[in-house]
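Enquirer: coords_27.txt (compact mmCIF, C-alpha atoms) pasted underneath:
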# COMPACT_ATOMS: atom_id res chain seq x y z
CA MET A 21 -98.05 -126.04 163.21
CA THR A 22 -98.40 -124.43 166.59
CA GLN A 23 -100.92 -125.46 169.15
CA ARG A 24 -102.72 -122.18 168.61
CA ASN A 25 -103.15 -122.75 164.86
CA HIS A 26 -104.31 -126.29 165.46
CA SER A 27 -106.96 -125.05 167.84
CA THR A 28 -108.10 -122.43 165.33
CA TYR A 29 -108.52 -125.00 162.51
CA ARG A 30 -110.34 -127.36 164.81
CA SER A 31 -112.74 -124.63 165.87
CA PHE A 32 -113.38 -123.69 162.18
CA TYR A 33 -113.98 -127.34 161.30
CA LEU A 34 -116.50 -127.81 164.10
CA LYS A 35 -118.33 -124.61 163.21
CA SER A 36 -118.52 -125.73 159.55
CA LEU A 37 -119.99 -129.08 160.57
CA LEU A 38 -122.50 -127.31 162.79
CA ALA A 39 -123.49 -124.97 159.96
CA LEU A 40 -123.98 -127.88 157.56
CA PHE A 41 -126.07 -129.69 160.17
CA VAL A 42 -128.27 -126.65 160.66
CA LEU A 43 -128.70 -126.20 156.89
CA GLY A 44 -129.65 -129.85 156.63
CA LEU A 45 -132.27 -129.46 159.33
CA VAL A 46 -133.71 -126.37 157.60
CA ALA A 47 -133.86 -128.17 154.22
CA TYR A 48 -135.54 -131.19 155.79
CA ALA A 49 -138.07 -128.95 157.57
CA LEU A 50 -138.96 -127.19 154.30
CA TYR A 51 -139.31 -130.50 152.49
CA TRP A 52 -141.54 -131.90 155.25
CA TYR A 53 -143.69 -128.75 155.24
CA LYS A 54 -144.27 -128.79 151.48
CA THR A 55 -144.97 -132.54 151.39
CA SER A 56 -147.40 -132.32 154.30
CA LYS A 57 -149.26 -129.41 152.71
CA ALA A 58 -149.53 -131.22 149.38
CA GLU A 59 -150.93 -134.31 151.10
CA GLN A 60 -153.52 -132.20 152.92
CA GLN A 61 -154.65 -130.57 149.67
CA LYS A 62 -154.85 -133.95 147.97
CA SER A 63 -156.91 -135.46 150.76
CA SER A 64 -159.34 -132.50 150.68
CA ILE A 65 -160.32 -133.17 147.03
CA THR A 66 -163.74 -134.79 146.78
CA HIS A 67 -163.86 -137.57 144.23
CA PRO A 68 -167.18 -138.44 142.58
CA THR A 69 -168.71 -141.71 143.55
CA VAL A 70 -168.47 -144.26 140.77
CA THR A 71 -171.58 -146.34 140.46
CA GLN A 72 -171.03 -149.82 139.19
CA THR A 73 -173.32 -150.70 136.30
CA THR A 74 -174.35 -154.27 135.90
CA LYS A 75 -174.14 -156.00 132.56
CA THR A 76 -177.92 -156.31 132.59
CA ASN A 77 -178.35 -152.52 132.65
CA GLN A 78 -175.67 -151.96 130.01
CA HIS A 79 -177.51 -154.10 127.47
CA LYS A 80 -181.04 -153.21 128.40
CA PRO A 81 -183.10 -152.62 125.24
CA PRO A 82 -184.75 -149.22 124.76
CA ASP A 83 -188.32 -148.74 125.90
CA VAL A 84 -189.37 -147.55 122.41
CA VAL A 85 -189.62 -150.27 119.77
CA PHE A 86 -190.11 -149.60 116.05
CA THR A 87 -191.67 -151.92 113.51
CA GLU A 88 -191.46 -151.72 109.71
CA GLU A 89 -194.93 -150.82 108.36
CA SER A 90 -194.24 -148.87 105.17
CA GLU A 91 -196.07 -151.29 102.87
CA ILE A 92 -199.10 -151.86 105.07
CA ARG A 93 -199.32 -148.06 105.46
CA GLY A 94 -199.34 -147.67 101.69
CA VAL A 95 -195.84 -146.25 101.25
CA LYS A 96 -194.52 -148.43 98.42
CA TYR A 97 -191.46 -146.77 97.00
CA ASN A 98 -188.35 -148.04 95.23
CA HIS A 99 -185.57 -145.65 94.38
CA PHE A 100 -184.28 -146.00 90.82
CA SER A 101 -180.67 -144.88 90.45
CA GLY A 102 -180.29 -145.47 86.72
CA ALA A 103 -177.19 -147.61 87.32
CA THR A 104 -176.20 -149.53 84.20
CA GLY A 105 -172.61 -150.52 85.00
CA ASN A 106 -170.76 -147.26 84.35
CA LYS A 107 -170.73 -146.43 88.07
CA TRP A 108 -171.58 -142.74 87.76
CA LEU A 109 -171.27 -140.80 91.04
CA PRO A 110 -174.97 -139.75 91.34
CA GLU A 111 -176.00 -143.40 91.27
CA SER A 112 -174.54 -143.88 94.77
CA MET A 113 -176.08 -140.82 96.44
CA GLY A 114 -179.77 -141.61 96.79
CA ALA A 115 -182.64 -139.16 96.42
CA GLY A 116 -184.58 -136.88 98.76
CA ILE A 117 -187.67 -136.97 100.95
CA ALA A 118 -189.86 -134.23 102.40
CA ILE A 119 -192.60 -134.32 105.03
CA ILE A 120 -195.21 -131.82 103.93
CA ASP A 121 -198.83 -130.89 104.58
CA ILE A 122 -199.98 -130.27 101.03
CA GLU A 123 -203.63 -129.48 101.88
CA ASN A 124 -203.20 -127.67 105.22
CA ASP A 125 -205.40 -130.32 106.80
CA GLY A 126 -202.99 -131.06 109.65
CA ASP A 127 -202.00 -134.46 108.26
CA LEU A 128 -198.39 -134.88 107.23
CA ASP A 129 -197.84 -136.22 103.72
CA LEU A 130 -194.69 -137.67 102.13
CA PHE A 131 -192.96 -136.48 98.98
CA LEU A 132 -190.08 -138.51 97.54
CA THR A 133 -187.92 -137.71 94.54
CA ASN A 134 -186.70 -140.44 92.23
CA GLY A 135 -183.98 -141.05 89.68
CA THR A 136 -184.23 -142.04 86.05
CA SER A 137 -182.17 -143.81 83.42
CA TRP A 138 -179.49 -141.74 81.74
CA ASP A 139 -181.20 -142.06 78.38
CA GLY A 140 -184.59 -141.13 79.87
CA ASN A 141 -186.29 -144.25 78.55
CA ASN A 142 -188.23 -145.22 81.67
CA ASN A 143 -191.33 -144.04 83.50
CA THR A 144 -190.04 -143.40 87.03
CA SER A 145 -191.17 -140.16 88.64
CA ASN A 146 -191.53 -138.27 91.88
CA GLN A 147 -193.99 -139.85 94.28
CA LEU A 148 -196.44 -138.19 96.65
CA PHE A 149 -198.09 -140.21 99.42
CA VAL A 150 -201.12 -138.42 100.85
CA ASN A 151 -202.08 -139.08 104.46
CA ASP A 152 -205.72 -140.04 105.09
CA GLY A 153 -205.60 -138.72 108.64
CA GLN A 154 -205.15 -142.17 110.17
CA GLY A 155 -201.52 -142.68 109.16
CA TYR A 156 -202.31 -144.55 105.95
CA PHE A 157 -201.21 -143.22 102.58
CA THR A 158 -202.17 -143.32 98.92
CA GLU A 159 -199.86 -142.44 96.04
CA GLN A 160 -201.29 -139.37 94.22
CA SER A 161 -198.41 -137.79 92.30
CA ALA A 162 -200.29 -137.95 88.97
CA ASN A 163 -203.47 -136.43 90.45
CA ARG A 164 -201.43 -133.61 91.99
CA ASN A 165 -199.36 -132.93 88.83
CA ILE A 166 -195.96 -133.68 90.35
CA ASN A 167 -195.20 -136.94 88.57
CA GLN A 168 -192.62 -135.59 86.11
CA THR A 169 -189.68 -137.82 85.21
CA LEU A 170 -186.34 -136.32 86.27
CA TYR A 171 -183.19 -137.35 88.12
CA GLY A 172 -184.03 -135.93 91.53
CA THR A 173 -181.25 -135.68 94.09
CA GLY A 174 -182.82 -133.56 96.84
CA VAL A 175 -185.96 -131.73 97.93
CA ALA A 176 -186.89 -128.72 100.04
CA VAL A 177 -190.29 -127.40 101.14
CA ALA A 178 -191.36 -123.82 101.87
CA ASP A 179 -194.12 -121.32 101.15
CA VAL A 180 -192.19 -119.37 98.54
CA ASN A 181 -195.02 -117.07 97.42
CA GLN A 182 -196.52 -116.54 100.89
CA ASP A 183 -199.99 -117.76 100.06
CA GLY A 184 -200.17 -120.04 103.11
CA PHE A 185 -199.51 -123.27 101.22
CA GLN A 186 -196.28 -125.22 101.00
CA ASP A 187 -194.44 -125.39 97.71
CA ILE A 188 -191.88 -128.02 96.66
CA PHE A 189 -188.42 -127.49 95.17
CA VAL A 190 -186.73 -130.52 93.63
CA ALA A 191 -182.96 -130.44 93.14
CA ALA A 192 -181.94 -132.48 90.13
CA ILE A 193 -179.37 -133.41 87.55
CA GLY A 194 -180.41 -131.20 84.69
CA SER A 195 -183.11 -128.62 85.35
CA ASN A 196 -184.36 -128.14 88.89
CA VAL A 197 -188.13 -127.92 89.33
CA LEU A 198 -190.20 -125.66 91.58
CA TYR A 199 -193.77 -126.87 92.15
CA LEU A 200 -196.19 -124.16 93.32
CA ASN A 201 -199.14 -125.25 95.42
CA GLN A 202 -202.41 -124.09 93.86
CA GLN A 203 -203.98 -123.77 97.32
CA ASP A 204 -205.88 -127.01 96.88
CA GLY A 205 -203.08 -129.60 97.15
CA THR A 206 -202.41 -129.68 93.40
CA TYR A 207 -199.27 -128.21 91.88
CA LYS A 208 -198.08 -126.25 88.90
CA ILE A 209 -194.49 -126.01 87.68
CA SER A 210 -193.34 -122.41 88.10
CA ASP A 211 -191.99 -120.30 85.30
CA ASN A 212 -188.51 -118.77 85.47
CA SER A 213 -189.62 -115.88 87.68
CA PHE A 214 -188.03 -117.48 90.76
CA ASN A 215 -184.71 -117.99 88.95
CA CYS A 216 -183.97 -121.44 90.40
CA GLU A 217 -184.09 -123.67 87.33
CA ALA A 218 -180.34 -124.32 87.07
CA SER A 219 -179.32 -126.88 84.45
CA ASP A 220 -176.26 -128.51 86.00
CA TRP A 221 -176.30 -130.77 89.06
CA THR A 222 -177.92 -129.53 92.26
CA THR A 223 -177.18 -132.10 94.95
CA SER A 224 -179.46 -130.71 97.67
CA ALA A 225 -181.47 -127.64 98.62
CA GLY A 226 -182.75 -125.64 101.56
CA PHE A 227 -184.89 -122.54 102.16
CA PHE A 228 -183.96 -119.75 104.59
CA ASP A 229 -184.81 -116.09 105.15
CA TYR A 230 -181.68 -114.36 103.80
CA ASP A 231 -182.73 -110.72 104.25
CA ASN A 232 -185.17 -111.19 107.14
If you convert what's in this file into structure tokens, what do you get?
Expert:
Amino acid sequence: MTQRNHSTYRSFYLKSLLALFVLGLVAYALYWYKTSKAEQQKSSITHPTVTQTTKTNQHKPPDVVFTEESEIRGVKYNHFSGATGNKWLPESMGAGIAIIDIENDGDLDLFLTNGTSWDGNNNTSNQLFVNDGQGYFTEQSANRNINQTLYGTGVAVADVNQDGFQDIFVAAIGSNVLYLNQQDGTYKISDNSFNCEASDWTTSAGFFDYDN
């Protein structure tokens, strides 16, 4: 190799090292720029202040306290499921309850459906507890003609004939029953004109304005 060729290779080698060095500096500068910008964005994010809650506040009881007063208020009701050991499905599902103002006197009354034995040999019935205006109730289902024996599984309340008084629909196993308010707080079982006396098993019910 001549001295001239040796000098040429040496010059190429040095230029290559210089180029690699410059590329390295550029890569490092880009990396530093991106990292610095990301740190600035991260530090600019405002984090919500976390308030430490003491154990005393976590387990503080509510300000509203309820007490059981159904019996002293006159609401004595026991649901009869008709269970005799066969474990039929309806026996596990309970009945229905409606809050209703049967006399339009501004006092809310309670209507509860009930079950019956599968052979029908018992005297359970729906129960109606009428409010005296002071939050005390008396059972008046017989006086209001809604004490029929049936296996009730749900109840819905609405003014179905638009006379200003609330009527009662009882969903049942067997025939459903629609009680029409006679505008004095007593009821009459409707005829088939409302077409809701199905004879299968209606588990629940609700009224709504379908066609506005």
Enquirer: Can you work out which one of A:Asn146, A:Gln203, A:Ser213, A:Gln78 has the shortest atom-to-atom distance to Ala162 in chain A, counting all atoms listed in the file?
Expert: A:Asn146
Enquirer: Closest to Thr223 in chain A among A:Val190, A:Val180, A:Leu198, A:Leu132, using all atoms listed in the file?
Expert: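 Selected residue with least distance to Thr223 in chain A: A:Val190.
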Enquirer: Taking (-204.2, -130.4, 105.3) as a centre in this file's frame and 12 Å as the limit, can you find every polymer residue with an atom that close, using all atoms listed in the file, and give them as JSON, numbers by chain?
Expert: {"A": [120, 121, 122, 123, 124, 125, 126, 127, 128, 129, 150, 151, 152, 153, 184, 185, 186, 203, 204, 205]}
Enquirer: Do a neighbour search on Thr206 in chain A at 7 Å with all atoms listed in the file, toss out local chain neighbours closer than 4 positions, and write the hits as a PyMOL selection string.
Expert: chain A and resi 164-165+201-202
Enquirer: For the selection you just gave me, I'd like the residues written to a file as a PDB file, keeping the file's coordinate frame, keeping C-alpha atoms.
Expert:
ATOM      1  CA  ARG A 164    -201.430-133.610  91.990  1.00  0.00           C
ATOM      2  CA  ASN A 165    -199.360-132.930  88.830  1.00  0.00           C
ATOM      3  CA  ASN A 201    -199.140-125.250  95.420  1.00  0.00           C
ATOM      4  CA  GLN A 202    -202.410-124.090  93.860  1.00  0.00           C
TER       5      GLN A 202
END
Enquirer: Using all atoms listed in the file, list the residues that have an atom at most 9 Å from (-186.9, -139.1, 90.7), coordinates as in the file, as a list in words.
Expert: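 In the file's frame, the residues around the point are His99, Phe100, Ser101, Ala115, Gly116, Leu132, Thr133, Asn134, Gly135, Thr136, Thr144, Ser145, Asn146, Gln147, Asn167, Gln168, Thr169, Leu170, Tyr171, Gly172, Thr173 and Ala192 of chain A.
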Enquirer: So, with only C-alpha atoms as the atoms that count, which of A:Asn232, A:Met113, A:Thr104, A:Phe131 lies closest to Asp187 in chain A?
Expert: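 Nearest to Asp187 in chain A: A:Phe131.
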Enquirer: Just the residues within 12 Å of Ser90 in chain A, please, counting all atoms listed in the file, with nothing from its chain fewer than 3 positions along; format it as a PyMOL selection string.
Expert: chain A and resi 86-87+93-98+130+149+155-158
Enquirer: As an exercise, work out the distance from CA of Ala118 in chain A to CA of Asp231 in chain A in Å and give it to one decimal place.
Expert: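 Calculated distance between CA of Ala118 in chain A and CA of Asp231 in chain A is 24.6 Å.
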Enquirer: Given the choices A:Ser137, A:Glu217, A:Asn163, A:Gly226, which gets closest to Ala178 in chain A if the distance is worked out from all atoms listed in the file?
Expert: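 Closest residue, counting all atoms listed in the file: A:Gly226.
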Enquirer: Write out as a list in words the residues lying within 9 Å of Val197 in chain A, counting all atoms listed in the file and excluding same-chain residues fewer than 4 positions away.
Expert: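 Near neighbours after the sequence-gap exclusion: Ile188, Phe189, Val190, Ala191, Ala192, Ile209, Ser210, Cys216, Glu217 and Ala218 of chain A.
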Enquirer: One decimal, in Å: what's the spacing between CA of Val175 in chain A and CA of Asn143 in chain A?
Expert: 19.7 Å
Enquirer: Please, what distance in Å, to one decimal, runs between CA of Leu148 in chain A and CA of Phe227 in chain A?
Expert: 20.2 Å
